[in-house]
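Heads up, the thing below is written out as structure tokens.
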Amino acid sequence: MIYNEEFETLPREAIEALQLKRLQQVVSRVYHTVGFYKKAFDNAGVTPEDIKSLDDLRRLPFTTKQDLRDNYPFGLFSVPMSNIVRLHASSGTTGKPTVVGYTKRDIDTWATLMARSFAAAGLTRNDIIHNSYGYGLFTGGLGAHYGAEKLGASVIPMSGGSTKKQIMLLQDFGPTAICCTPSYLLFLAEAGREMGVDMKSLRLRVGILGAEPWSERMREQIESVLDIAAMNIYGLSEVMGPGVSMECIEGRNGLHIFEDHFIAEIIDPATGEVLPYGEKGELVFTTITKEAFPLIRYRTKDITRLMPEVCKCGRTFVRMERVTGRSDDMLIIRGVNVFPSQIESVIMEIDGLEPHYQLIVDREGSLDTLEIQVEVSERIFSDEIRQLQNLEKRIKKDVKDLLGVTAKVKLVESKTLQRFEGKAVRVIDKRNI
Amino acid sequence: MKVEQISIFLENKPGGLSSVTKALSDAGINIRALSLADTSDFGILRLIVDNVARAKEVLNAAGFAVGKTHVVAVEVPDRPGGLNSILEALTGQGVNVEYMYAFVERSGENAVIIFRFDATDQAIDVLLKGGFTVLPGEKVYGL
């Protein structure tokens with residue numbers, strides 16, 4: 001079902017006309033209300049009047065996470081605090097958190113986009129949605145909650161944690177959909193099995209999964225252990241929260257970006273040059289309807305590509321491919337671009353589950369070296385040396401086949417690689433360059 | 001007639017082995033036999049202990065990946081040609097030895113050797129038909 005058919009199926013020219021009109025308004029507004037933008041535009045020698053076409057967007061400077069930190073906490077808000085009805089903040093693993101604000105209308109827009117997302121996954125007001133995204137400063141919990149209510153579905157505001165209770169409610173309340181991170185859903189499935197629950201017999205039929213990068217392999221795994229459709233949702237708190245883009249159940253090939261509210265660009269992360277449709281690079285967003293906290297050309301650091309072909313679901317919004325890495329994770333090894341997620345997919349192919357691994361990059365003489373350390377879990381452990389050596393060889397060969405880079409593979413004891421709350425640090429780069 | 005052996009992955013670094021033996025010692029588990037197979041980077045420690053389930057539990061708790069394998073304990077006459085007679089019987093039937101190691105204790109007058117075969121059931125069959133003594137797990141754990 002298409003929630004806002006009028007907007008979601010607009011012809012391309014109409015989308016672009018709408019985007020231009022909204023872009024001009026937002027650029028003019030931030031120039032006159034946010035000191036940071038006035039200074040940035042002046043430095044770049046561009047004024048709001050220079051934005052005459054969508055192509056002129058690229059004349060505007062980028063906004064980065066560092067800019068958000070420099071203006072902590074409220075420096076980039078473009079409305080008075082009295083108009084702000086909600087604040088959220090990122091986890092802030094590296095320094096101060098990133099703070100975002102919403103007006104009443106922003107909250108309503110967000111709820112609408114989440115409702116669109118649920119509808120794209122095939123949900124209706126007849127569904128019961130079990131929301132295991134955390135409620136609080138994190139945008140996931142409340143974002144999904146308001147969207148589910150907007151759709152008219154029944155929400156279970158479960159939040160994260162309390163595993164046993166989660167399993168009990170999944171059995172007793174019979175939700176037909178669940179919202180959480182893909183890794184948390186696998187954790188719940190495992191916990192349920194250990195409690196003797198037949199997780200396939202639950203009424204669940206759809207998972208709305210996001211807030212962390214995941215792979216097609218993981219999707220297959222989730223779908224097979226739970227017998228549900230695992231749907232990919234994308235968002236980031238700076239841009240709005242979950243519901244910036246969403247897969248449709250009909251296509252399941254790329255996530256539709258809600259282009260009546262956001263303009264997406266793909267740039268070369270090294271040069272900042274805008275890349276054409278189809279090319280892989282860093283995703284950049286400009287919000288064109290947000291009131292409290294508009295963002296101009298915000299660098300997400302997420303690596304993906306845009307697919308302009310019209311989807312079989314009927315939506316005309318451009319799709320973005322599943323995020324395959326982060327531009328700040330990208331390694332250049334002997335001139336080859338390597339994303340840790342690519343190596344992860346190789347190990348996952350063999351291990352079958354989310355692997356614990358670390359990449360050590362170093363330089364011997366003038367040559368870059370890559371060492372892949374993989375924890376030996378009980379699933380891949382064998383008491384025969386030969387089997388373990390075959391495992392090392394296979395990882396090495398698969399990495400070479402996929403990336404063209406020769407790596408050394410080192411098996412390490414389980415649970416010895418450092419665990420991090422939230423995002424894992426997968427790369428240790430010892431090169432001094 | 002099979003014996004349960006546990007195996008542990010160890011990196012080649014100081015203190016690796018002792019962290020295993022300490023975990024077992026603290027839990028009052030007795031090691032009946034062991035062998036360490038190694039490469040330049042890692043080793044595999046194989047153990048026969050008096051309480052397999054408890055050993056796996058404490059080693060898991062100490063963070064080790066623990067494997068369980070079925071091996072066969074065979075009494076070997078303690079005289080020249082004792083081991084050879086066993087291997088000949090197995091070779092004749094196409095059974096392959098993956099690895100083997102000697103047990104510390106004797107069983108009466110005989111030595112005890114732990115074998116890992118590629119075809120465990122077939123190997124037991126061949127050995128019994130050849131008149132060799134295959135020791136059951138309970139006996140081995142308590143030797």
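The way I read the labels, and the way they are meant: chains A, B, ... in the order of the structure tokens, residue 1 as the first residue of every chain, and ligand 1 as the first ligand shown, with later ones counted on from there.
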Find the spatial neighbours of Ala102 of chain B, counting only C-alpha atoms, within a cut-off of 12 Å - ignore same-chain residues fewer than 6 positions away - and output them as a PyMOL selection string.
chain B and resi 32-36+46-48+72-76+78+83+110-116
Could you list, as a PyMOL selection string, the residues of chain A having an atom within 8 Å of chain B when counting only C-alpha atoms?
chain A and resi 376-378+381-385+410-415
Written selection (N, CA and C atoms) as a PDB file, in the first residue's frame:
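What follows is the written file result-v9.pdb:
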ATOM      1  N   VAL A 376      37.928 -17.485  16.680  1.00  0.00           N
ATOM      2  CA  VAL A 376      37.486 -18.856  16.452  1.00  0.00           C
ATOM      3  C   VAL A 376      36.322 -19.139  17.393  1.00  0.00           C
ATOM      4  N   SER A 377      35.123 -19.124  16.831  1.00  0.00           N
ATOM      5  CA  SER A 377      33.940 -19.436  17.643  1.00  0.00           C
ATOM      6  C   SER A 377      33.776 -20.948  17.651  1.00  0.00           C
ATOM      7  N   GLU A 378      32.892 -21.443  18.495  1.00  0.00           N
ATOM      8  CA  GLU A 378      32.685 -22.893  18.530  1.00  0.00           C
ATOM      9  C   GLU A 378      32.088 -23.399  17.224  1.00  0.00           C
ATOM     10  N   PHE A 381      35.185 -23.851  14.977  1.00  0.00           N
ATOM     11  CA  PHE A 381      36.323 -24.548  15.565  1.00  0.00           C
ATOM     12  C   PHE A 381      36.317 -26.014  15.149  1.00  0.00           C
ATOM     13  N   SER A 382      37.500 -26.531  14.894  1.00  0.00           N
ATOM     14  CA  SER A 382      37.649 -27.963  14.656  1.00  0.00           C
ATOM     15  C   SER A 382      38.842 -28.400  15.458  1.00  0.00           C
ATOM     16  N   ASP A 383      38.870 -29.646  15.895  1.00  0.00           N
ATOM     17  CA  ASP A 383      40.037 -30.085  16.656  1.00  0.00           C
ATOM     18  C   ASP A 383      41.121 -30.618  15.727  1.00  0.00           C
ATOM     19  N   GLU A 384      40.931 -30.428  14.422  1.00  0.00           N
ATOM     20  CA  GLU A 384      41.973 -30.845  13.492  1.00  0.00           C
ATOM     21  C   GLU A 384      42.643 -29.628  12.869  1.00  0.00           C
ATOM     22  N   ILE A 385      43.959 -29.597  12.980  1.00  0.00           N
ATOM     23  CA  ILE A 385      44.761 -28.490  12.460  1.00  0.00           C
ATOM     24  C   ILE A 385      44.415 -28.219  10.995  1.00  0.00           C
ATOM     25  N   LYS A 410      44.693 -14.448  10.446  1.00  0.00           N
ATOM     26  CA  LYS A 410      45.160 -14.982  11.730  1.00  0.00           C
ATOM     27  C   LYS A 410      43.956 -15.356  12.577  1.00  0.00           C
ATOM     28  N   LEU A 411      43.927 -16.608  13.014  1.00  0.00           N
ATOM     29  CA  LEU A 411      42.834 -17.033  13.885  1.00  0.00           C
ATOM     30  C   LEU A 411      43.204 -16.670  15.319  1.00  0.00           C
ATOM     31  N   VAL A 412      42.260 -16.086  16.033  1.00  0.00           N
ATOM     32  CA  VAL A 412      42.531 -15.732  17.421  1.00  0.00           C
ATOM     33  C   VAL A 412      41.469 -16.351  18.328  1.00  0.00           C
ATOM     34  N   GLU A 413      41.780 -16.446  19.597  1.00  0.00           N
ATOM     35  CA  GLU A 413      40.860 -17.076  20.549  1.00  0.00           C
ATOM     36  C   GLU A 413      39.554 -16.300  20.631  1.00  0.00           C
ATOM     37  N   SER A 414      38.486 -17.020  20.911  1.00  0.00           N
ATOM     38  CA  SER A 414      37.192 -16.357  20.967  1.00  0.00           C
ATOM     39  C   SER A 414      37.175 -15.367  22.126  1.00  0.00           C
ATOM     40  N   LYS A 415      36.428 -14.316  21.930  1.00  0.00           N
ATOM     41  CA  LYS A 415      36.229 -13.265  22.940  1.00  0.00           C
ATOM     42  C   LYS A 415      37.507 -12.521  23.327  1.00  0.00           C
TER      43      LYS A 415
END
Residues near Gln93 of chain B, cut-off 10 Å, only C-alpha atoms, skip fewer than 2 positions along chain, as a ChimeraX atom specification:
/B:88-91,95-96,122-123,126
Next, dump the selected residues to file, keeping only C-alpha atoms, as a CSV table (one decimal), in the first residue's frame.
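What landed in again.csv:
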chain,number,residue,atom,x,y,z
B,88,GLU,CA,47.7,-53.0,10.6
B,89,ALA,CA,44.2,-54.2,11.4
B,90,LEU,CA,42.8,-50.7,10.7
B,91,THR,CA,44.8,-50.1,7.6
B,95,VAL,CA,40.3,-46.7,8.4
B,96,ASN,CA,42.5,-43.6,8.7
B,122,GLN,CA,33.9,-48.6,11.7
B,123,ALA,CA,37.2,-48.4,13.6
B,126,VAL,CA,37.4,-53.5,13.3
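Across the model, the gap from atom CA of Thr109 of chain A to atom CA of Pro294 of chain A is 13.2 Å.
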Skip segment 40-48 of chain A itself and residues of its chain fewer than 6 positions away, then list as a list in words all residues within 10 Å of it, counting only C-alpha atoms.
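Those residues are Leu23, Gln24, Gln25, Val26, Val27, Ser28, Arg29, Val30, Tyr31, His32, Asp56, Arg59, Leu60, Pro61, Phe62 and Thr63 of chain A.
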Take the residues that were just selected and, keeping C-alpha atoms, output them as a PDB file, in the first residue's frame.
ATOM      1  CA  LEU A  23      15.084  24.167  -1.390  1.00  0.00           C
ATOM      2  CA  GLN A  24      14.943  27.874  -2.202  1.00  0.00           C
ATOM      3  CA  GLN A  25      12.772  28.471   0.841  1.00  0.00           C
ATOM      4  CA  VAL A  26      14.988  26.544   3.236  1.00  0.00           C
ATOM      5  CA  VAL A  27      18.229  28.059   1.926  1.00  0.00           C
ATOM      6  CA  SER A  28      16.835  31.539   2.326  1.00  0.00           C
ATOM      7  CA  ARG A  29      15.528  30.737   5.802  1.00  0.00           C
ATOM      8  CA  VAL A  30      18.783  29.272   7.185  1.00  0.00           C
ATOM      9  CA  TYR A  31      20.802  32.120   5.655  1.00  0.00           C
ATOM     10  CA  HIS A  32      18.761  34.627   7.581  1.00  0.00           C
ATOM     11  CA  ASP A  56      22.866  25.020  -8.071  1.00  0.00           C
ATOM     12  CA  ARG A  59      27.403  25.517  -5.092  1.00  0.00           C
ATOM     13  CA  LEU A  60      26.489  25.366  -1.402  1.00  0.00           C
ATOM     14  CA  PRO A  61      29.072  24.176   1.124  1.00  0.00           C
ATOM     15  CA  PHE A  62      28.798  20.834   2.916  1.00  0.00           C
ATOM     16  CA  THR A  63      27.785  20.509   6.552  1.00  0.00           C
TER      17      THR A  63
END
For the structure I just gave you, how does DSSP split segment 12-110 of chain B - specifically, which residues are strand (DSSP E or B)? Reply as a PyMOL selection string.
chain B and resi 31-38+42-49+66-76+97-102+107+110
Leu236 of chain A surroundings by only C-alpha atoms, 9 Å radius, close-in-sequence under 4 positions cut, as a PDB file with N, CA and C atoms, in the first residue's frame:
ATOM      1  N   THR A 139      16.482   8.311  18.447  1.00  0.00           N
ATOM      2  CA  THR A 139      15.290   8.618  17.655  1.00  0.00           C
ATOM      3  C   THR A 139      14.455   7.388  17.287  1.00  0.00           C
ATOM      4  N   ALA A 211      19.041   1.012  11.741  1.00  0.00           N
ATOM      5  CA  ALA A 211      19.884   1.671  12.745  1.00  0.00           C
ATOM      6  C   ALA A 211      21.288   1.094  12.816  1.00  0.00           C
ATOM      7  N   MET A 240      16.666  13.378  10.461  1.00  0.00           N
ATOM      8  CA  MET A 240      15.326  13.324  11.025  1.00  0.00           C
ATOM      9  C   MET A 240      15.207  12.188  12.044  1.00  0.00           C
ATOM     10  N   GLY A 241      15.741  11.025  11.685  1.00  0.00           N
ATOM     11  CA  GLY A 241      15.554   9.813  12.471  1.00  0.00           C
ATOM     12  C   GLY A 241      15.187   8.722  11.488  1.00  0.00           C
ATOM     13  N   PRO A 242      14.673   7.584  11.949  1.00  0.00           N
ATOM     14  CA  PRO A 242      14.281   6.535  11.003  1.00  0.00           C
ATOM     15  C   PRO A 242      13.167   7.040  10.088  1.00  0.00           C
ATOM     16  N   GLY A 243      13.148   6.527   8.840  1.00  0.00           N
ATOM     17  CA  GLY A 243      12.100   6.943   7.919  1.00  0.00           C
ATOM     18  C   GLY A 243      12.583   7.959   6.901  1.00  0.00           C
ATOM     19  N   VAL A 244      13.889   8.062   6.711  1.00  0.00           N
ATOM     20  CA  VAL A 244      14.420   8.906   5.635  1.00  0.00           C
ATOM     21  C   VAL A 244      14.275   8.148   4.310  1.00  0.00           C
ATOM     22  N   THR A 300      26.693  12.275   5.311  1.00  0.00           N
ATOM     23  CA  THR A 300      26.295  11.188   6.209  1.00  0.00           C
ATOM     24  C   THR A 300      27.440  10.226   6.484  1.00  0.00           C
TER      25      THR A 300
END
For a test of reading the model, state the distance in Å between atom CA of Gly140 of chain A and atom CA of Val427 of chain A, rounded to one decimal.
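Computed distance, atom CA of Gly140 of chain A to atom CA of Val427 of chain A, equals 27.0 Å.
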Which of segment 15-200 of chain A DSSP labels alpha helix (DSSP H), written as a tab-separated table (two decimals) with N, CA and C atoms, in the first residue's frame:
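In the end it all went to states_21.tsv:
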chain	number	residue	atom	x	y	z
A	15	ILE	N	8.38	16.19	-8.96
A	15	ILE	CA	9.20	16.04	-7.73
A	15	ILE	C	10.28	17.12	-7.74
A	16	GLU	N	10.92	17.26	-8.89
A	16	GLU	CA	12.04	18.20	-8.95
A	16	GLU	C	11.58	19.65	-8.80
A	17	ALA	N	10.42	19.96	-9.35
A	17	ALA	CA	9.88	21.32	-9.20
A	17	ALA	C	9.57	21.61	-7.73
A	18	LEU	N	8.99	20.60	-7.06
A	18	LEU	CA	8.67	20.74	-5.65
A	18	LEU	C	9.96	20.89	-4.82
A	19	GLN	N	10.95	20.06	-5.17
A	19	GLN	CA	12.23	20.12	-4.44
A	19	GLN	C	12.88	21.50	-4.59
A	20	LEU	N	12.85	22.05	-5.80
A	20	LEU	CA	13.49	23.35	-6.02
A	20	LEU	C	12.80	24.44	-5.20
A	21	LYS	N	11.48	24.41	-5.24
A	21	LYS	CA	10.73	25.44	-4.51
A	21	LYS	C	11.05	25.36	-3.01
A	22	ARG	N	11.05	24.14	-2.48
A	22	ARG	CA	11.30	23.95	-1.05
A	22	ARG	C	12.76	24.25	-0.71
A	23	LEU	N	13.66	23.90	-1.62
A	23	LEU	CA	15.08	24.17	-1.39
A	23	LEU	C	15.33	25.67	-1.28
A	24	GLN	N	14.75	26.42	-2.21
A	24	GLN	CA	14.94	27.87	-2.20
A	24	GLN	C	14.46	28.47	-0.89
A	25	GLN	N	13.31	27.94	-0.43
A	25	GLN	CA	12.77	28.47	0.84
A	25	GLN	C	13.71	28.18	2.01
A	26	VAL	N	14.19	26.93	2.07
A	26	VAL	CA	14.99	26.54	3.24
A	26	VAL	C	16.34	27.25	3.22
A	27	VAL	N	16.93	27.40	2.02
A	27	VAL	CA	18.23	28.06	1.93
A	27	VAL	C	18.10	29.51	2.38
A	28	SER	N	17.05	30.15	1.94
A	28	SER	CA	16.84	31.54	2.33
A	28	SER	C	16.61	31.64	3.84
A	29	ARG	N	15.84	30.69	4.37
A	29	ARG	CA	15.53	30.74	5.80
A	29	ARG	C	16.78	30.53	6.66
A	30	VAL	N	17.60	29.51	6.33
A	30	VAL	CA	18.78	29.27	7.19
A	30	VAL	C	19.80	30.41	7.06
A	31	TYR	N	19.86	31.02	5.86
A	31	TYR	CA	20.80	32.12	5.66
A	31	TYR	C	20.46	33.28	6.59
A	32	HIS	N	19.17	33.49	6.77
A	32	HIS	CA	18.76	34.63	7.58
A	32	HIS	C	18.57	34.31	9.06
A	33	THR	N	18.53	33.02	9.43
A	33	THR	CA	18.25	32.72	10.84
A	33	THR	C	19.39	31.99	11.55
A	35	GLY	N	23.40	31.73	12.09
A	35	GLY	CA	24.68	32.40	11.86
A	35	GLY	C	25.69	31.52	11.14
A	36	PHE	N	25.72	30.26	11.52
A	36	PHE	CA	26.67	29.32	10.91
A	36	PHE	C	26.49	29.28	9.39
A	37	TYR	N	25.24	29.20	8.93
A	37	TYR	CA	25.00	29.09	7.49
A	37	TYR	C	25.32	30.41	6.77
A	38	LYS	N	24.99	31.52	7.41
A	38	LYS	CA	25.28	32.81	6.76
A	38	LYS	C	26.78	32.91	6.49
A	39	LYS	N	27.56	32.57	7.52
A	39	LYS	CA	29.01	32.64	7.40
A	39	LYS	C	29.51	31.66	6.33
A	40	ALA	N	28.98	30.44	6.38
A	40	ALA	CA	29.45	29.40	5.44
A	40	ALA	C	29.12	29.79	4.00
A	41	PHE	N	27.89	30.32	3.77
A	41	PHE	CA	27.50	30.70	2.41
A	41	PHE	C	28.34	31.91	1.95
A	42	ASP	N	28.53	32.87	2.87
A	42	ASP	CA	29.33	34.05	2.51
A	42	ASP	C	30.75	33.63	2.13
A	43	ASN	N	31.33	32.72	2.93
A	43	ASN	CA	32.68	32.25	2.63
A	43	ASN	C	32.76	31.57	1.27
A	44	ALA	N	31.67	30.87	0.90
A	44	ALA	CA	31.66	30.16	-0.38
A	44	ALA	C	31.25	31.11	-1.52
A	65	LYS	N	29.49	16.51	10.53
A	65	LYS	CA	29.23	16.18	11.94
A	65	LYS	C	30.02	17.13	12.85
A	66	GLN	N	31.23	17.50	12.40
A	66	GLN	CA	32.05	18.41	13.21
A	66	GLN	C	31.35	19.76	13.37
A	67	ASP	N	30.69	20.22	12.30
A	67	ASP	CA	29.95	21.49	12.39
A	67	ASP	C	28.85	21.39	13.45
A	68	LEU	N	28.22	20.21	13.52
A	68	LEU	CA	27.17	20.01	14.52
A	68	LEU	C	27.77	20.06	15.92
A	69	ARG	N	28.93	19.44	16.07
A	69	ARG	CA	29.59	19.46	17.39
A	69	ARG	C	30.01	20.87	17.76
A	70	ASP	N	30.55	21.60	16.77
A	70	ASP	CA	31.03	22.96	17.05
A	70	ASP	C	29.89	23.87	17.50
A	104	LYS	N	6.51	21.16	16.25
A	104	LYS	CA	5.30	20.35	16.20
A	104	LYS	C	5.09	19.80	14.78
A	105	ARG	N	5.34	20.68	13.80
A	105	ARG	CA	5.14	20.22	12.42
A	105	ARG	C	6.20	19.19	12.01
A	106	ASP	N	7.45	19.38	12.49
A	106	ASP	CA	8.50	18.39	12.20
A	106	ASP	C	8.11	17.01	12.72
A	107	ILE	N	7.56	16.98	13.94
A	107	ILE	CA	7.16	15.70	14.53
A	107	ILE	C	6.08	15.05	13.67
A	108	ASP	N	5.17	15.89	13.16
A	108	ASP	CA	4.10	15.35	12.34
A	108	ASP	C	4.64	14.83	10.99
A	109	THR	N	5.58	15.58	10.41
A	109	THR	CA	6.19	15.13	9.16
A	109	THR	C	6.88	13.78	9.36
A	110	TRP	N	7.63	13.70	10.45
A	110	TRP	CA	8.39	12.49	10.76
A	110	TRP	C	7.43	11.30	10.92
A	111	ALA	N	6.34	11.53	11.67
A	111	ALA	CA	5.35	10.46	11.87
A	111	ALA	C	4.78	10.02	10.52
A	112	THR	N	4.54	10.98	9.65
A	112	THR	CA	4.00	10.64	8.33
A	112	THR	C	4.98	9.78	7.54
A	113	LEU	N	6.28	10.18	7.59
A	113	LEU	CA	7.27	9.41	6.83
A	113	LEU	C	7.43	8.00	7.41
A	114	MET	N	7.31	7.87	8.73
A	114	MET	CA	7.38	6.53	9.33
A	114	MET	C	6.14	5.73	8.95
A	115	ALA	N	4.99	6.39	8.89
A	115	ALA	CA	3.76	5.70	8.47
A	115	ALA	C	3.91	5.22	7.03
A	116	ARG	N	4.50	6.08	6.18
A	116	ARG	CA	4.79	5.67	4.79
A	116	ARG	C	5.69	4.44	4.78
A	117	SER	N	6.69	4.45	5.68
A	117	SER	CA	7.64	3.35	5.72
A	117	SER	C	6.95	2.04	6.11
A	118	PHE	N	6.11	2.11	7.14
A	118	PHE	CA	5.38	0.90	7.55
A	118	PHE	C	4.49	0.41	6.41
A	119	ALA	N	3.83	1.35	5.75
A	119	ALA	CA	2.93	0.96	4.65
A	119	ALA	C	3.73	0.31	3.53
A	120	ALA	N	4.94	0.85	3.28
A	120	ALA	CA	5.78	0.28	2.22
A	120	ALA	C	6.16	-1.16	2.54
A	139	THR	N	16.48	8.31	18.45
A	139	THR	CA	15.29	8.62	17.65
A	139	THR	C	14.45	7.39	17.29
A	140	GLY	N	15.07	6.19	17.39
A	140	GLY	CA	14.39	4.98	16.92
A	140	GLY	C	13.05	4.72	17.58
A	141	GLY	N	13.04	4.72	18.92
A	141	GLY	CA	11.84	4.33	19.65
A	141	GLY	C	10.65	5.23	19.38
A	142	LEU	N	10.80	6.51	19.68
A	142	LEU	CA	9.67	7.44	19.50
A	142	LEU	C	9.33	7.64	18.03
A	143	GLY	N	10.35	7.62	17.16
A	143	GLY	CA	10.09	7.78	15.73
A	143	GLY	C	9.16	6.69	15.22
A	144	ALA	N	9.50	5.44	15.53
A	144	ALA	CA	8.66	4.32	15.08
A	144	ALA	C	7.30	4.38	15.76
A	145	HIS	N	7.30	4.77	17.02
A	145	HIS	CA	6.04	4.81	17.78
A	145	HIS	C	5.03	5.76	17.15
A	146	TYR	N	5.46	7.00	16.90
A	146	TYR	CA	4.54	7.99	16.32
A	146	TYR	C	4.07	7.57	14.93
A	147	GLY	N	4.99	6.95	14.17
A	147	GLY	CA	4.62	6.50	12.83
A	147	GLY	C	3.57	5.40	12.86
A	148	ALA	N	3.75	4.49	13.82
A	148	ALA	CA	2.80	3.38	13.93
A	148	ALA	C	1.41	3.91	14.32
A	149	GLU	N	1.40	4.87	15.24
A	149	GLU	CA	0.11	5.46	15.64
A	149	GLU	C	-0.53	6.22	14.48
A	150	LYS	N	0.33	6.93	13.73
A	150	LYS	CA	-0.16	7.68	12.58
A	150	LYS	C	-0.84	6.74	11.58
A	151	LEU	N	-0.22	5.59	11.39
A	151	LEU	CA	-0.77	4.59	10.47
A	151	LEU	C	-2.09	4.04	11.01
A	163	THR	N	14.73	-9.25	27.93
A	163	THR	CA	14.57	-10.27	26.88
A	163	THR	C	13.38	-11.20	27.13
A	164	LYS	N	13.25	-11.68	28.37
A	164	LYS	CA	12.19	-12.67	28.65
A	164	LYS	C	10.81	-12.07	28.43
A	165	LYS	N	10.68	-10.79	28.82
A	165	LYS	CA	9.40	-10.12	28.64
A	165	LYS	C	9.13	-9.93	27.15
A	166	GLN	N	10.17	-9.58	26.39
A	166	GLN	CA	10.01	-9.42	24.94
A	166	GLN	C	9.41	-10.71	24.35
A	167	ILE	N	10.02	-11.83	24.73
A	167	ILE	CA	9.59	-13.12	24.18
A	167	ILE	C	8.15	-13.42	24.62
A	168	MET	N	7.86	-13.11	25.88
A	168	MET	CA	6.51	-13.37	26.39
A	168	MET	C	5.47	-12.57	25.61
A	169	LEU	N	5.75	-11.27	25.40
A	169	LEU	CA	4.78	-10.44	24.69
A	169	LEU	C	4.67	-10.84	23.22
A	170	LEU	N	5.78	-11.26	22.64
A	170	LEU	CA	5.73	-11.72	21.24
A	170	LEU	C	4.79	-12.92	21.13
A	171	GLN	N	4.76	-13.74	22.18
A	171	GLN	CA	3.85	-14.89	22.16
A	171	GLN	C	2.42	-14.49	22.51
A	172	ASP	N	2.28	-13.70	23.59
A	172	ASP	CA	0.95	-13.44	24.14
A	172	ASP	C	0.16	-12.36	23.39
A	182	PRO	N	18.66	-5.28	13.28
A	182	PRO	CA	18.73	-6.67	12.81
A	182	PRO	C	19.50	-7.58	13.77
A	183	SER	N	20.57	-7.07	14.37
A	183	SER	CA	21.33	-7.95	15.27
A	183	SER	C	20.53	-8.24	16.54
A	184	TYR	N	19.73	-7.26	16.98
A	184	TYR	CA	18.92	-7.51	18.17
A	184	TYR	C	17.83	-8.55	17.88
A	185	LEU	N	17.30	-8.52	16.66
A	185	LEU	CA	16.27	-9.49	16.31
A	185	LEU	C	16.85	-10.91	16.31
A	186	LEU	N	18.07	-11.05	15.80
A	186	LEU	CA	18.71	-12.37	15.83
A	186	LEU	C	18.97	-12.81	17.27
A	187	PHE	N	19.34	-11.84	18.09
A	187	PHE	CA	19.55	-12.14	19.51
A	187	PHE	C	18.25	-12.62	20.15
A	188	LEU	N	17.14	-11.93	19.85
A	188	LEU	CA	15.84	-12.34	20.41
A	188	LEU	C	15.44	-13.73	19.92
A	189	ALA	N	15.71	-13.99	18.64
A	189	ALA	CA	15.35	-15.30	18.07
A	189	ALA	C	16.11	-16.40	18.80
A	190	GLU	N	17.37	-16.14	19.06
A	190	GLU	CA	18.22	-17.12	19.75
A	190	GLU	C	17.72	-17.31	21.20
A	191	ALA	N	17.43	-16.19	21.85
A	191	ALA	CA	16.97	-16.25	23.24
A	191	ALA	C	15.65	-17.02	23.31
A	192	GLY	N	14.76	-16.77	22.35
A	192	GLY	CA	13.48	-17.46	22.32
A	192	GLY	C	13.67	-18.97	22.16
A	193	ARG	N	14.55	-19.33	21.26
A	193	ARG	CA	14.83	-20.76	21.05
A	193	ARG	C	15.33	-21.40	22.33
A	194	GLU	N	16.23	-20.69	23.02
A	194	GLU	CA	16.78	-21.25	24.26
A	194	GLU	C	15.69	-21.41	25.33
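Proximity of B:Ala61, B:Leu17, B:Leu143, B:Leu127 to Gly108 of chain B, computed with only C-alpha atoms, is greatest for B:Leu143.
For the pair atom CA of Ile343 of chain A and atom CA of Arg363 of chain A, the interatomic distance is 19.3 Å.
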Between B:Val104, B:Met1, B:Ala119, B:Val58, single out the one closest to Gly28 of chain B, counting only C-alpha atoms.
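Among the listed residues, the smallest separation from Gly28 of chain B belongs to B:Val58.
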Neighbouring residues of Pro308 of chain A were defined as those with any atom within 10 Å, considering only C-alpha atoms; residues of the same chain fewer than 2 positions away were excluded. Please report them as a list in words.
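After dropping sequence-adjacent residues, the list is Arg12, His256, Tyr277, Gly278, Arg305, Leu306, Val310, Cys311, Thr316, Phe317, Val318, Arg319 and Met320 of chain A.
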Tell me, as a VMD selection string, which residues lie within 7 Å of Gly210 of chain A, counting only C-alpha atoms; anything in the same chain fewer than 6 positions away does not count.
chain A and resid 180 to 182 232 to 234
